[in-house]
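Asks: To start, I am sharing the structure in question, which I have written as C-alpha cells.
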2 protein chains.
Amino acid sequence: MEGKIIKIEGGTVTTPRGFQSGGVAAGIKGEGKLDLGLLSSVVPCAAAGVFTTNVVRAAPVLLSQQHLRSGVAQAVVANSGCANACTGEAGMEDAHEMARLVATKLGLSPQSVVVASTGVIGHPLPMEKIGAGIEQVDLSTGGGHRFAEAILTTDRGPKEVAFAFNVDGRAITIGGVAKGAGMIHPNLATMLIFLTTDAPVEIGFLRHSLQLAAETSFNMLTVDGDTSTNDSVFILANGEAGGAVLDGSTPGSAEFQRALELTCIELSKAIVRGAEGASKLIEVIVDGAQSTEDARQIARTIAGSSLVKTAVHGNDPNWGRILAAAGRSGVTFAPEKADVYIGELKVMQAGRPLSFDWQQGIAQLDREEVVLRLALNHGPASAVAWGCNLSEEYVTINSAYTT
Amino acid sequence: MEGKIIKIEGGTVTTPRGFQSGGVAAGIKGEGKLDLGLLSSVVPCAAAGVFTTNVVRAAPVLLSQQHLRSGVAQAVVANSGCANACTGEAGMEDAHEMARLVATKLGLSPQSVVVASTGVIGHPLPMEKIGAGIEQVDLSTGGGHRFAEAILTTDRGPKEVAFAFNVDGRAITIGGVAKGAGMIHPNLATMLIFLTTDAPVEIGFLRHSLQLAAETSFNMLTVDGDTSTNDSVFILANGEAGGAVLDGSTPGSAEFQRALELTCIELSKAIVRGAEGASKLIEVIVDGAQSTEDARQIARTIAGSSLVKTAVHGNDPNWGRILAAAGRSGVTFAPEKADVYIGELKVMQAGRPLSFDWQQGIAQLDREEVVLRLALNHGPASAVAWGCNLSEEYVTINSAYTT
C-alpha cells in the first residue's frame, strides 16, 4: 500500500490540480523580501484546520477558526513580518479586512477566506501595505514556490513537498508548504502549515484525517518547547481529481490518510532541519510502550530535553540523559527492562550500561540525522518524535534584541 | 512574626546544636577535591525526605527512602563524583555497604544512616576509596563547611545557610547545604539538599513541613527542566534546643514552618545563582491566579521557557515571550485581563502592549537578579518560581564529551 505513494520532486501547494498561488514583497518585512502570499482554488473546497493550544491566540487564528466552522473555504491569505497577535479588537478588524480584500479581489465571500500571520507580536498590521500587496499578487499554477517563500520569517529556506497516489486509475495529489517552528528571532516561534489536495474528501473525514496526521507529525515536533500564539495547520480539498468522495470507508481513504501523514512528517522534518541555530535532526523512537500516548509523551520529552539536545550537539554518547529524560516524562515504565540505542549502537540493556566503543558512539552522533531509540520492552505501542540539537548559535540568535 | 526569624551569617548544617560533620578527599573525583561527606547528630533525630519523581531512581535514593520509613535517622553519608545510578543490584549493595560502614564507625544501626550520591551515572562506586574515606572523616561542630564542599560536582561553590528564631525564650536553629541543580557536566543535573535543626519536631509535622517547604522552593526551581535520578532533600531534627515538641499546633510551629521555607528558598536561589553557564537569577512572580497550583504551573513554565531565558540573557524586553509561555502552561486564563511587568516597568496591560522606553526595558534586564511579573487579575492566588538565563556557555558546558 505504502509503495503506491510517490513523492513528487519539486512539489508544492500548487501541484494538486486547480490551485493557484502567488506572493509579493508588500514591504512588511522590508528589504524587498516576499512577505504576502495568496493561495486559491478554482472551486470551493472542503477545508479544515488545527490550531495552537496556547491560551493566547492571535487574531488571524480566531478568525480562521470561525471561517472554518462551515467546513468550506476557497482561498488563503498569509503574511510574514507581523503576527497580528496581542492586538485586541483592532487586530480582529484587521484580520477581517484581510479576508474582505482577498474576497473582493477573487470574487468570493469573506467567509471563504482563511487568514494567517507570523512575525513580531504586539504590533498592528500595516494595512495599507497589505491592501496594496493583495491587489498586486499574481496567481498562477506555478506560484506555490512564491507562496512558500512569502510565509517565511527567519527560516533558512522554503519547505515544500507533494505526494501522489492512485485511486481507480485517477491520480490524487497532496501538496504542502511550511513556515518553520522554533528558534525564531525576533519574536515568537510560529509554525504555519498549508496543505492542498485535489482529492474529493468528505468534511468529517478531512477533519479527522488532518487531526490524526498532525498528531503523528507536527505534534511530535519540538524545537524549543515554546508554542506560539499563531500556530496553524490548514488543508483545502477541492475534489478536482474527480472520482468517488473519500469518507474514510471508500477506496482510497486509507491511502489518503497515509499520504497526508507522509506529507506532514516530511514538512515536520524540514521544519526541524531549517530551525535557526540547529545543524542536526534528532529522531527519537520509543517502542515497547503500553500505549501510543505513553510512547509519544516519552519521545517528546527526550527530544525536548536540553541535556539530550546539548549532548547530541557535542557528539557526547551520554545515554544516561536519554533514560533520565524518559524517567521524568510522567509515564510509568520499568527502567530495568529498558534498552537504549544511539544510532545502531546499543548502549544500555535492561537498565544497565553496556560497555561500548566510545569512538563508535561519537561517530553515531556526528551526523546530520541522529537516531535515538528507547525500547521499553513493556508493551506494543510506539511513537517517533523529532527535535534538533541545542547550539551556542541558538542562544545567540534568540538573545539578540528585538530592535 | 517574620521579623523574628533571623539569618545567621556563615550558618551551615552544623550551626544547629548537636550536629557534627566533616569531609575528605577520598579520590572519587580526583585532583584532591573533597568528595565524601559525613553528617551526624549526637542523638537520634526525627528524619524525613523528599525525593526525585523520576521513574529512574538511583540506588542511594531507594535505600534512603527505605531507611526513612521509620521516621528516625542519625547520620548522613554523601559522595560526589559517582551517582551510583543505573547500577542494578550491585549498586544497591554498594549503597547498603556505605550505610553499614558509617554505622560501624559511629556505633549506630545501618538503618539510621541515609545515603546520597551525585556524579556520573552508569558507573559502580569505587567502594575501596569510599570505605577508606569514611574511616578518615573527622567529625566536628565546625565541619559543616567541609561537608558542603564534599557534595559539589561542578557547582561554582558551596551553598550554605542557617536561620534562627525563638520559642519561649529558646533559640531554634535550622541549617542547610545544597548541591546545585541543572547544567551539570559531565552527567546529570542532581539536586541534593541536607537540612538540620535542633528543634524538637513531631515526625508527622516534620514530613508535612518539609513537603510544603519543598513545594514553594525546590519545586519552583527550574534550571533546564531535567529532573535527576538522584534528587534528594533530607531533614534531621534532633530536638537539642529543648522545649515543647512542635507538632503543627504548638507554639513555634508556624515560625518553624516559615523558617524552613526561608531556608529552602535561600538554598534554591543559591542553586540557580551557582548554575553553570548562568549569570542571572530570574524570579518569576505570577499573581491574581485562580489557584496556587495554577499560579505555580504558569510561573514554572515562564521560568523554564528557552525563549524567555534567552531574552533575559540578551537583555531583550520581549514581553510577548512571557505571555506566550504562560499561554502554553496548560492553565486557562484570560489574556485580555493580564498585565506584564519587566522589573518595575509595566510593558503590557489588559493583554495589550504599552509603549515604553526600550532602553528602560533593557536596563531592567541588565542586572544579576531579574524580576518578571505576570498579573492575571483573575483570582486570589500567587506563586514565585526561579530560573536562570540560557547562555552560550550553558551549551558549551553541556555539549562537551563525558570523557
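Residues in the C-alpha cells are numbered from 1 in each chain, the chains being A, B, ... in the order shown, and ligands are numbered from 1 in the order shown.
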Hey, what does DSSP flag as helix (DSSP H, G or I) within stretch 266-348 of chain B? Can you give it to me as number ranges by chain?

Replies: B: 266-273, 292-304, 306-313, 319-327, 335-337

Asks: When the cut-off is 7 Å and we count only C-alpha atoms, which residues of chain B are near chain A, given as a PyMOL selection string?

Replies: chain B and resi 53-56+86-88+121-122+188+224+226-229+305-307+310-311+313-314+316+318+320-321+324-325+327-328+332+335+351-353+390-392+395-396+398-402

Asks: I want to know what sits within 10 Å of stretch 249-261 of chain A, based on only C-alpha atoms, with residues of the same chain fewer than 4 positions away left out; could you give that as a PyMOL selection string?

Replies: chain A and resi 1-2+4-7+162-168+172-176+195-197+199+201+205-206+208-210+212-218+235+244-245+265-267

Asks: Would you compute the distance between atom CA of B:Leu262 and atom CA of B:Val161? Give it in Å to one decimal.

Replies: 9.7 Å

Asks: Smallest atom-to-atom distance to A:Leu376: which of A:Gln290, A:Thr190, A:Ser268, A:Asn79, using only C-alpha atoms?

Replies: A:Gln290

Asks: Could you go through stretch 24-227 of chain B and tell me which residues DSSP, when run on the backbone, assigns to strand (DSSP E), listing them as a PyMOL selection string?

Replies: chain B and resi 24+36-51+72-82+113-120+159-167+170-179+192-197

Asks: For a quick check of understanding, using only C-alpha atoms, which of A:Ala46, A:His96, A:Ser291, A:Ala148 has the smallest distance to A:Glu202?

Replies: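 Residue with the minimum atom-to-atom distance to A:Glu202: A:Ala46.
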
Asks: Return the single residue from B:Met220, B:Val13, B:Ala295, B:Met98 that is closest to B:Pro380, with distances computed using only C-alpha atoms.

Replies: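 Comparing B:Met220, B:Val13, B:Ala295, B:Met98 against B:Pro380, the winner is B:Ala295.
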
Asks: In terms of the shortest atom-to-atom distance over only C-alpha atoms, which of A:Leu246, A:Leu63, A:Leu372, A:Ala338 is closest to A:Ala299?

Replies: A:Leu372

Asks: For B:Pro200, work out the shell of residues within 8 Å, counting only C-alpha atoms and skipping chain neighbours fewer than 5 positions away, then give it as a list in words.

Replies: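 The neighbour list is Ala237, Asn238, Gly239, Glu240, Ala241, Gly242, Gly243, Ala244, Val245 and Leu246 of chain B.
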
Asks: For stretch 125-129 of chain A, list every protein, DNA or RNA residue within 8 Å, evaluated using only C-alpha atoms, and leave out those in the same chain fewer than 5 positions away; present the list as an MDAnalysis selection string.

Replies: chainID A and resid 26:28 82:84 91 94

Asks: Give me the residues within 8 Å of B:Ala48 as an MDAnalysis selection string, counting only C-alpha atoms and dropping any in the same chain fewer than 3 places off.

Replies: chainID B and resid 68 71:72 203 206:207 210 234:236

Asks: Would you kindly return, as a list of chain:residue names, each protein, DNA or RNA residue with an atom no farther than 7 Å from any atom of stretch 286-289 of chain B, considering only C-alpha atoms and excluding same-chain residues fewer than 3 positions away?

Replies: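 Counting only C-alpha atoms, the residues come to B:Asp294, B:Ala295, B:Ala299, B:Arg373, B:Leu374, B:Ala375, B:Leu376, B:Asn377, B:His378, B:Gly379, B:Pro380, B:Ala381, B:Ser382, B:Ala383, B:Val384.
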
Asks: Rounded to one decimal in Å, what is the spacing between atom CA of B:Ala385 and atom CA of B:Val177?

Replies: 19.9 Å
